[in-house]
$ cat coords.cif   # mmCIF, C-alpha atoms
data_final
#
loop_
_atom_site.label_atom_id
_atom_site.label_comp_id
_atom_site.auth_asym_id
_atom_site.auth_seq_id
_atom_site.Cartn_x
_atom_site.Cartn_y
_atom_site.Cartn_z
CA MET A 1 4.05 -31.79 25.54
CA LEU A 2 0.47 -31.06 24.57
CA SER A 3 -1.53 -29.67 27.48
CA SER A 4 -4.29 -32.04 28.59
CA SER A 5 -6.68 -29.17 29.19
CA LEU A 6 -6.73 -26.64 26.38
CA ASP A 7 -8.10 -23.17 27.01
CA SER A 8 -11.77 -22.98 26.15
CA THR A 9 -11.04 -19.95 24.02
CA ARG A 10 -9.98 -21.16 20.60
CA LEU A 11 -6.46 -20.07 19.80
CA THR A 12 -5.57 -18.95 16.32
CA PHE A 13 -3.06 -20.71 14.15
CA GLU A 14 -2.09 -19.33 10.76
CA LEU A 15 0.55 -19.88 8.11
CA ASP A 16 2.92 -17.61 10.04
CA GLN A 17 2.85 -20.05 12.97
CA LEU A 18 3.75 -22.96 10.69
CA ARG A 19 6.58 -20.87 9.31
CA GLU A 20 7.68 -20.09 12.86
CA ALA A 21 7.76 -23.79 13.76
CA ALA A 22 9.99 -24.48 10.75
CA GLN A 23 12.31 -21.61 11.66
CA LYS A 24 12.65 -22.78 15.26
CA TYR A 25 13.48 -26.37 14.32
CA SER A 26 17.19 -26.75 15.05
CA TYR A 27 18.15 -30.17 13.65
CA HIS A 28 18.56 -29.54 9.92
CA ASP A 29 22.34 -29.84 10.17
CA ALA A 30 22.24 -33.09 12.15
CA GLY A 31 23.50 -36.32 10.61
CA THR A 32 20.01 -37.80 10.44
CA HIS A 33 18.77 -34.93 8.32
CA GLY A 34 21.83 -35.06 6.11
CA VAL A 35 20.58 -38.30 4.56
CA TRP A 36 17.02 -37.10 3.96
CA PRO A 37 17.56 -35.16 0.71
CA ARG A 38 19.73 -37.88 -0.83
CA LEU A 39 17.85 -41.00 0.24
CA VAL A 40 14.28 -39.79 0.45
CA TRP A 41 13.64 -36.81 -1.80
CA GLU A 42 16.05 -37.19 -4.70
CA ARG A 43 15.16 -40.86 -5.28
CA ARG A 44 11.44 -40.72 -4.48
CA ASN A 45 10.36 -41.58 -8.04
CA GLN A 46 12.39 -44.77 -8.26
CA SER A 47 10.81 -48.20 -7.90
CA PRO A 48 10.11 -48.94 -4.22
CA VAL A 49 11.66 -52.40 -4.58
CA ALA A 50 14.88 -50.80 -5.83
CA ARG A 51 14.85 -48.45 -2.81
CA ILE A 52 14.78 -51.04 -0.02
CA ASP A 53 18.53 -50.65 0.60
CA ASP A 54 18.03 -46.88 0.84
CA ALA A 55 15.12 -47.46 3.21
CA VAL A 56 17.32 -49.59 5.46
CA GLU A 57 20.00 -46.90 5.55
CA PHE A 58 17.46 -44.15 6.20
CA LEU A 59 15.59 -46.01 8.93
CA GLY A 60 18.83 -47.05 10.58
CA LYS A 61 20.03 -43.46 10.83
CA TRP A 62 16.58 -42.31 11.96
CA LYS A 63 16.53 -44.92 14.77
CA ALA A 64 13.60 -46.89 13.41
CA LEU A 65 15.13 -50.37 13.19
CA ARG A 66 15.42 -51.00 16.93
CA PHE A 67 13.43 -54.21 17.03
CA LYS A 68 14.21 -57.91 16.88
CA GLY A 69 15.93 -58.75 13.61
CA GLY A 70 16.64 -55.11 12.74
CA LYS A 71 17.80 -54.61 9.16
CA THR A 72 17.36 -58.24 8.14
CA ALA A 73 13.83 -58.40 9.49
CA PHE A 74 12.89 -55.10 7.86
CA ARG A 75 14.03 -56.28 4.43
CA ARG A 76 11.75 -59.30 4.75
CA ILE A 77 8.87 -57.27 6.14
CA CYS A 78 9.17 -54.57 3.50
CA ALA A 79 9.34 -57.03 0.60
CA ALA A 80 6.20 -58.79 1.83
CA TRP A 81 4.41 -55.47 2.37
CA LEU A 82 5.24 -54.22 -1.12
CA ARG A 83 3.95 -57.42 -2.71
CA ARG A 84 0.64 -57.12 -0.88
CA ASN A 85 0.10 -53.39 -1.34
CA ARG A 86 1.65 -52.43 -4.66
CA THR A 87 -1.61 -51.16 -6.20
CA ASP A 88 -2.64 -49.11 -3.18
CA PHE A 89 0.89 -47.77 -2.81
CA GLU A 90 1.01 -46.66 -6.44
CA SER A 91 -2.36 -44.91 -6.07
CA LEU A 92 -0.76 -42.60 -3.47
CA GLN A 93 2.70 -42.16 -4.97
CA GLY A 94 3.40 -38.53 -5.84
CA ARG A 95 0.20 -37.28 -4.20
CA VAL A 96 0.44 -34.38 -1.77
CA LEU A 97 -1.19 -34.46 1.67
CA TYR A 98 -3.10 -31.22 1.09
CA SER A 99 -4.91 -32.68 -1.95
CA LEU A 100 -5.89 -36.09 -0.55
CA ALA A 101 -9.55 -37.16 -0.64
CA PRO A 102 -11.40 -39.00 2.17
CA GLU A 103 -10.95 -42.36 0.46
CA ASP A 104 -7.20 -41.82 0.32
CA PHE A 105 -7.05 -41.86 4.13
CA GLN A 106 -8.75 -45.23 4.06
CA THR A 107 -6.02 -46.42 1.70
CA ILE A 108 -3.39 -45.10 4.12
CA LEU A 109 -5.09 -47.05 6.91
CA THR A 110 -5.03 -50.18 4.76
CA ILE A 111 -1.32 -49.97 3.91
CA SER A 112 -0.23 -48.95 7.42
CA SER A 113 -2.25 -51.80 8.96
CA SER A 114 -0.68 -54.19 6.47
CA PHE A 115 2.81 -52.93 7.35
CA ARG A 116 2.06 -53.62 11.01
CA ASP A 117 0.62 -57.03 10.24
CA CYS A 118 3.77 -57.90 8.29
CA GLY A 119 5.74 -57.28 11.49
CA ALA A 120 6.78 -53.62 11.46
CA PRO A 121 6.54 -51.78 14.81
CA PRO A 122 4.71 -48.42 14.87
CA THR A 123 7.73 -46.12 14.54
CA THR A 124 9.17 -48.35 11.81
CA PHE A 125 6.09 -48.34 9.60
CA GLY A 126 5.48 -44.66 10.39
CA LYS A 127 8.90 -43.61 9.17
CA ALA A 128 9.02 -46.15 6.34
CA LEU A 129 5.75 -44.89 4.87
CA HIS A 130 7.12 -41.35 4.87
CA PHE A 131 10.29 -42.65 3.20
CA PHE A 132 8.28 -44.19 0.36
CA LEU A 133 5.60 -41.44 0.21
CA PRO A 134 7.38 -38.26 1.39
CA GLU A 135 4.89 -35.81 -0.14
CA THR A 136 1.87 -37.76 1.05
CA VAL A 137 2.33 -38.69 4.72
CA MET A 138 4.12 -37.26 7.71
CA LEU A 139 6.69 -38.94 9.93
CA TRP A 140 5.41 -40.90 12.93
CA ASP A 141 7.35 -41.80 16.06
CA GLN A 142 6.92 -42.19 19.81
CA ALA A 143 9.49 -39.77 21.15
CA ILE A 144 8.13 -36.72 19.37
CA VAL A 145 4.83 -37.12 17.53
CA ARG A 146 2.89 -39.59 19.66
CA ASN A 147 4.10 -38.10 22.94
CA THR A 148 3.42 -34.53 21.83
CA TYR A 149 -0.11 -35.21 20.61
CA LYS A 150 -0.85 -38.07 23.05
CA LEU A 151 -1.71 -40.56 20.32
CA ARG A 152 -1.80 -44.35 20.47
CA PRO A 153 0.72 -46.39 18.43
CA ASP A 154 -1.86 -48.10 16.19
CA PRO A 155 -2.55 -47.51 12.47
CA GLU A 156 -5.86 -45.80 13.26
CA SER A 157 -4.05 -43.13 15.28
CA TYR A 158 -1.41 -42.88 12.57
CA VAL A 159 -4.14 -42.02 10.06
CA SER A 160 -5.77 -39.59 12.50
CA TYR A 161 -2.45 -37.74 12.62
CA GLN A 162 -2.39 -37.51 8.82
CA ARG A 163 -5.95 -36.16 8.89
CA PHE A 164 -4.84 -33.61 11.47
CA GLY A 165 -2.15 -32.46 9.04
CA TRP A 166 -4.70 -32.22 6.21
CA LYS A 167 -7.09 -30.20 8.37
CA LEU A 168 -4.43 -27.79 9.60
CA LEU A 169 -3.08 -27.19 6.09
CA HIS A 170 -6.58 -26.38 4.86
CA HIS A 171 -7.15 -24.21 7.93
CA VAL A 172 -4.07 -22.05 7.33
CA THR A 173 -4.90 -21.69 3.62
CA ARG A 174 -8.66 -21.15 4.00
CA ASN A 175 -8.39 -17.66 2.46
CA LYS A 176 -5.51 -18.60 0.18
CA THR A 177 -4.55 -21.23 -2.40
CA ILE A 178 -2.09 -24.08 -2.32
CA ASN A 179 0.44 -21.62 -3.76
CA ALA A 180 0.86 -20.23 -0.24
CA LEU A 181 2.19 -23.62 0.86
CA ARG A 182 4.44 -23.82 -2.18
CA GLN A 183 5.89 -20.42 -1.29
CA LEU A 184 6.52 -21.59 2.27
CA GLU A 185 8.36 -24.65 0.89
CA ARG A 186 10.52 -22.44 -1.35
CA ASP A 187 11.32 -20.00 1.45
CA HIS A 188 12.17 -22.87 3.79
CA ALA A 189 14.48 -24.45 1.20
CA ARG A 190 16.43 -21.22 0.88
CA THR A 191 16.82 -21.11 4.64
CA VAL A 192 17.98 -24.70 5.29
CA GLY A 193 19.79 -25.31 1.99
CA TYR A 194 17.65 -28.16 0.64
CA PHE A 195 14.02 -28.79 -0.23
CA GLU A 196 11.55 -30.21 2.27
CA PRO A 197 7.90 -30.75 1.33
CA ILE A 198 5.15 -29.44 3.55
CA THR A 199 4.90 -32.85 5.26
CA MET A 200 8.40 -32.37 6.65
CA ILE A 201 7.79 -28.73 7.57
CA PHE A 202 4.68 -29.88 9.42
CA ASP A 203 6.78 -32.45 11.31
CA HIS A 204 8.78 -29.60 12.85
CA LEU A 205 5.60 -28.38 14.55
CA ALA A 206 5.69 -31.33 16.96
CA PHE A 207 9.01 -30.09 18.35
CA SER A 208 7.32 -26.94 19.70
CA PRO A 209 4.96 -27.65 22.63
CA LYS A 210 3.54 -24.14 22.46
CA LEU A 211 2.84 -24.10 18.72
CA SER A 212 1.58 -27.69 18.54
CA THR A 213 -0.86 -26.98 21.38
CA ARG A 214 -1.98 -23.86 19.57
CA ALA A 215 -2.50 -25.79 16.32
CA VAL A 216 -4.72 -28.40 17.99
CA ALA A 217 -6.72 -25.70 19.79
CA ALA A 218 -7.28 -23.80 16.53
CA LEU A 219 -9.01 -26.88 15.12
CA GLY A 220 -11.32 -27.17 18.12
CA GLY A 221 -9.26 -29.36 20.45
CA PRO A 222 -8.02 -32.96 20.19
CA SER A 223 -11.44 -34.56 19.62
CA GLN A 224 -11.97 -32.50 16.48
CA ALA A 225 -8.37 -32.17 15.33
CA PHE A 226 -7.88 -35.96 15.25
CA SER A 227 -11.39 -37.02 14.29
CA GLU A 228 -12.31 -38.93 11.15
CA ASP A 229 -14.18 -35.96 9.76
CA LEU A 230 -12.47 -33.80 7.16
#
$ encode --input "coords.cif" --output "structure tokens"
Amino acid sequence: MLSSSLDSTRLTFELDQLREAAQKYSYHDAGTHGVWPRLVWERRNQSPVARIDDAVEFLGKWKALRFKGGKTAFRRICAAWLRRNRTDFESLQGRVLYSLAPEDFQTILTISSSFRDCGAPPTTFGKALHFFLPETVMLWDQAIVRNTYKLRPDPESYVSYQRFGWKLLHHVTRNKTINALRQLERDHARTVGYFEPITMIFDHLAFSPKLSTRAVAALGGPSQAFSEDL
């Protein structure tokens, strides 16, 4: 878990540390990850309405439907959410986290708050949003992400985590271009046997207490890493 008192000396975190986190992640062969390429990545450009069945399968395998009503409730919640947020959703579809603008994070707050208000618990809307926008937002759960970074389960904290990802990606490429991230994605795909965007590679960081602590420290500590400033 993330240390509550980070060393006052700022630790460095570079692209090599993100690569190290991806290499140390040991669950690519697990059954949950086996469905990710098929359900999430390969079908990401299909209509979201047509993907609700895939979303149910994905969220079920990724343990995100453990609330009252389960699959049936999620279908209702998701249909209502899509009706209310279609325009905002489409404005983010296909966008990559690295290239988001400040106003895009406000849109993410809007759609995540709406998902919650429609009845989706935090882990459910956090994983569902990644399912529908895999290049744009990172996965969000209690067991790993929120516990590691000591974040609250509300949409505001969900967006602060996405901003953290944006900041760290710009930090590790400050003397490079986005091509450095593309190369990391290609190298990672050769290693694990299927493509994962940088949002998924970034997710692996949370599984390493040492590297995640180092990443937060490199951005100036939690108050700066998870602030609203970009």
$ resolve_selection --input "coords.cif" --expression "the PyMOL selection byres ((chain A and resi 80-83) around 12)" --output "PyMOL selection string"
chain A and resi 47-52+73-79+84-90+110-120+125+128-129+132
$ atom_distance --input "coords.cif" --atom1 "CA of His130 in chain A" --atom2 "CA of Asp229 in chain A"
22.5 Å
$ closest_residue --input "coords.cif" --among "A:Ile178, A:Ile144, A:Ala64, A:Leu97" --to "Thr123 in chain A" --atoms "all atoms listed in the file"
A:Ala64
$ residues_around --input "coords.cif" --residues "range 99-108 of chain A" --least-positions-apart "4" --cutoff "9 Å" --atoms "all atoms listed in the file" --output "PyMOL selection string"
chain A and resi 88-89+91-92+95+112-113+136-137+155+158-160+162-163+166+229-230
$ residues_around --input "coords.cif" --residues "Trp140 in chain A" --least-positions-apart "3" --cutoff "7 Å" --atoms "all atoms listed in the file" --output "PyMOL selection string"
chain A and resi 123+126-127+145
$ residues_around --input "coords.cif" --residues "Glu57 in chain A" --least-positions-apart "5" --cutoff "10 Å" --atoms "only C-alpha atoms" --output "ChimeraX atom specification"
/A:35,39,51-52,62,65,71
$ atom_distance --input "coords.cif" --atom1 "CA of Tyr25 in chain A" --atom2 "CA of Phe207 in chain A"
7.1 Å
$ resolve_selection --input "coords.cif" --expression "the PyMOL selection byres ((chain A and resi 172) around 12)" --output "PyMOL selection string"
chain A and resi 12-19+98+165-171+173-181+184+202+215+218-219
$ closest_residue --input "coords.cif" --among "A:Asp141, A:Pro197, A:Pro134, A:Thr191" --to "Ser157 in chain A" --atoms "all atoms listed in the file"
A:Asp141
$ resolve_selection --input "coords.cif" --expression "the PyMOL selection byres ((chain A and resi 40) around 9)" --output "JSON, numbers by chain"
{"A": [35, 36, 37, 38, 39, 41, 42, 43, 44, 54, 55, 58, 130, 131, 132, 133, 134]}
$ atom_distance --input "coords.cif" --atom1 "CA of Ala206 in chain A" --atom2 "CA of Tyr149 in chain A"
7.9 Å
